[in-house]
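*Asks:* Take a look at this one; I'll ask things after.
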Amino acid sequence: MENTGIREVNNNNVTILDVLIDAAASLQNSEFRADYTLQGNFALTTLLYDHNLRQYERLTRDLDLDYLSKDSWERFVNKCEGILEANSGLGLKYKLIGRRGFDKTKNENGDSLAFKALSKSGEEFGFKIDMNIKPLSPKTTYRIFQFTIEATELLPLFINKLSSLTTIRVCRRIKDFYDIFVISHIQDFSMADILDGWYAAGKALPEDGIFILAPSSIEKLRHAYDAFYGIINKPVFNELYINVLDFTAPIFECLYRDRNNVKWISAERRWEICG
């Protein structure tokens, strides 16, 4: 893959977003390009920039990857510093400073690498590459500054975020709660596509109901959200909660009832019966 360009930045003004873009572009110019799909908040950030929706951005210091196999991952770990440096459009130096390892987590298919990136002017940035061995979802491309970044399509990303709202641990994943709010503003959705994506990903619904839909959960969610930082233009909780509920409650109802004849109209903030 040819180099798709670099952001013209002053070396004294490199940001963590520049570092993540640089690392992501370096990865997709490497021999491991076909072995992973970029997921998570950075993938969503590239989509927001591509769609001119930067007002919904939240800060991140991670690259999240779905990865093809442990064997390929181990080869990448052994080469990662050289790969990131050789392909760096900003001339960054990368140092692997820590690894969680497969034996350090309850998830035997997950791993995490901690890096320091050093700019030409001597600034240091810490970031992580988190990985899970999973079947790879389809990729698409997004434009952020002068870079073209390959990342997951929106629907698989949305399904993963939606699934996180079905657990009682959602307060620990309040960022996913916010990301659902953001995703609901990006585009229209067919319920048929959502249901197909949900079943294809092997997701399940809890038998005792959805935590976020219970009135008793509101204050817990409010407390977690108010303590969460990193959202550039943080909406007040009540606005966020109502928007997320209006978007997700019909989805969960349709999942329980296996109904697919509605469509989300993002510009009008409503579900519409179709077909």
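Here, A, B, ... name the chains of the structure tokens in the order displayed, residue numbers run from 1 inside each chain, and ligands are numbered from 1 in the same displayed order.
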May I have the residues within 12 Å of Lys116 of chain A as a ChimeraX atom specification, using only C-alpha atoms and disregarding those fewer than 5 positions away in the same chain?
*Replies:* /A:16,19-20,23,61,81,84-85,92-98,122-129
*Asks:* I want to know what sits within 7 Å of segment 148-157 of chain A, based on only C-alpha atoms, with residues of the same chain fewer than 5 positions away left out; could you give that as a CSV table (one decimal) with C-alpha atoms, in the first residue's frame?
*Replies:*
chain,number,residue,atom,x,y,z
A,4,THR,CA,-1.4,8.1,1.8
A,25,ALA,CA,-1.1,4.1,9.3
A,37,THR,CA,-9.4,-5.1,11.8
A,38,LEU,CA,-9.2,-1.8,13.7
A,39,GLN,CA,-12.0,-1.4,16.2
A,43,ALA,CA,-12.0,3.6,14.6
A,137,SER,CA,-15.3,-7.9,10.5
A,138,PRO,CA,-15.3,-6.2,7.1
A,139,LYS,CA,-13.1,-3.1,6.7
A,140,THR,CA,-13.7,0.2,5.0
A,141,THR,CA,-11.7,3.4,4.8
A,142,TYR,CA,-12.0,6.8,6.5
A,143,ARG,CA,-10.2,10.0,5.9
A,197,GLY,CA,-25.6,-8.2,12.6
*Asks:* What is the atom CA of Pro250 of chain A-atom CA of Ser266 of chain A distance in Å, reported with one decimal?
*Replies:*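 Taking atom CA of Pro250 of chain A and atom CA of Ser266 of chain A, their separation equals 14.1 Å.
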*Asks:* If we count only C-alpha atoms, what is near Ser164 of chain A at a cut-off of 9 Å, once residues fewer than 4 positions away on the same chain are taken out, given as JSON, numbers by chain?
*Replies:* {"A": [159, 160, 168, 169, 170, 173, 176, 177]}
*Asks:* Taking the DSSP assignment computed from this structure's backbone, write out as a PyMOL selection string all residues of segment 20-173 of chain A that belong to strand (DSSP E).
*Replies:* chain A and resi 36-39+62-67+93-99+110-118+124-133+139-144+147-152
*Asks:* Report as a CSV table (one decimal) with N, CA and C atoms, in the first residue's frame all protein, DNA and RNA residues lying within 10 Å of Ile133 of chain A, evaluated on only C-alpha atoms, omitting residues in the same chain fewer than 5 positions from it.
*Replies:*
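Here's the written file out_3.csv:
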chain,number,residue,atom,x,y,z
A,36,TYR,N,-5.7,-8.1,10.8
A,36,TYR,CA,-6.4,-7.5,11.9
A,36,TYR,C,-7.5,-6.5,11.3
A,65,LEU,N,-7.7,-3.8,18.3
A,65,LEU,CA,-7.6,-4.6,17.1
A,65,LEU,C,-8.4,-5.9,17.4
A,66,ASP,N,-9.2,-6.4,16.4
A,66,ASP,CA,-9.6,-7.7,16.3
A,66,ASP,C,-8.5,-8.4,15.5
A,67,TYR,N,-8.0,-9.5,15.9
A,67,TYR,CA,-6.8,-10.1,15.3
A,67,TYR,C,-7.1,-11.5,14.9
A,68,LEU,N,-6.4,-11.9,13.8
A,68,LEU,CA,-6.7,-13.2,13.1
A,68,LEU,C,-6.2,-14.4,13.9
A,69,SER,N,-5.0,-14.4,14.4
A,69,SER,CA,-4.4,-15.6,15.1
A,69,SER,C,-3.3,-15.2,16.0
A,70,LYS,N,-3.1,-16.1,17.0
A,70,LYS,CA,-2.1,-15.9,18.0
A,70,LYS,C,-0.7,-15.9,17.4
A,73,TRP,N,0.0,-12.7,15.7
A,73,TRP,CA,0.2,-11.7,16.7
A,73,TRP,C,1.6,-11.8,17.4
A,107,ASN,N,-9.3,-13.3,29.9
A,107,ASN,CA,-9.6,-13.6,28.5
A,107,ASN,C,-8.3,-14.1,27.8
A,108,GLU,N,-8.3,-15.4,27.6
A,108,GLU,CA,-7.1,-16.1,27.1
A,108,GLU,C,-6.8,-15.7,25.6
A,109,ASN,N,-7.7,-15.0,25.0
A,109,ASN,CA,-7.5,-14.6,23.6
A,109,ASN,C,-7.3,-13.1,23.5
A,110,GLY,N,-6.9,-12.5,24.6
A,110,GLY,CA,-6.7,-11.1,24.6
A,110,GLY,C,-5.2,-10.7,25.0
A,111,ASP,N,-4.7,-9.6,24.5
A,111,ASP,CA,-3.4,-9.2,24.9
A,111,ASP,C,-3.4,-7.6,24.8
*Asks:* Identify, on the basis of only C-alpha atoms, every residue whose closest approach to His185 of chain A does not exceed 10 Å; exclude the query and any residue fewer than 6 positions from it along the same chain; express the result as JSON, numbers by chain.
*Replies:* {"A": [53, 56, 243, 247, 265, 266, 267, 268, 269]}
*Asks:* Would you kindly return, as a PDB file with C-alpha atoms, in the first residue's frame, each protein, DNA or RNA residue with an atom no farther than 10 Å from any atom of Pro235 of chain A, considering only C-alpha atoms and excluding same-chain residues fewer than 4 positions away?
*Replies:*
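Here's the written file out.pdb:
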ATOM      1  CA  TYR A  56     -18.841  14.188  19.018  1.00  0.00           C
ATOM      2  CA  TYR A 178     -21.808   7.707  25.049  1.00  0.00           C
ATOM      3  CA  ILE A 231     -15.539  13.935  25.858  1.00  0.00           C
ATOM      4  CA  GLU A 239     -29.971  14.745  27.188  1.00  0.00           C
ATOM      5  CA  LEU A 240     -27.661  11.799  26.691  1.00  0.00           C
ATOM      6  CA  TYR A 241     -29.881   9.334  28.560  1.00  0.00           C
TER       7      TYR A 241
END
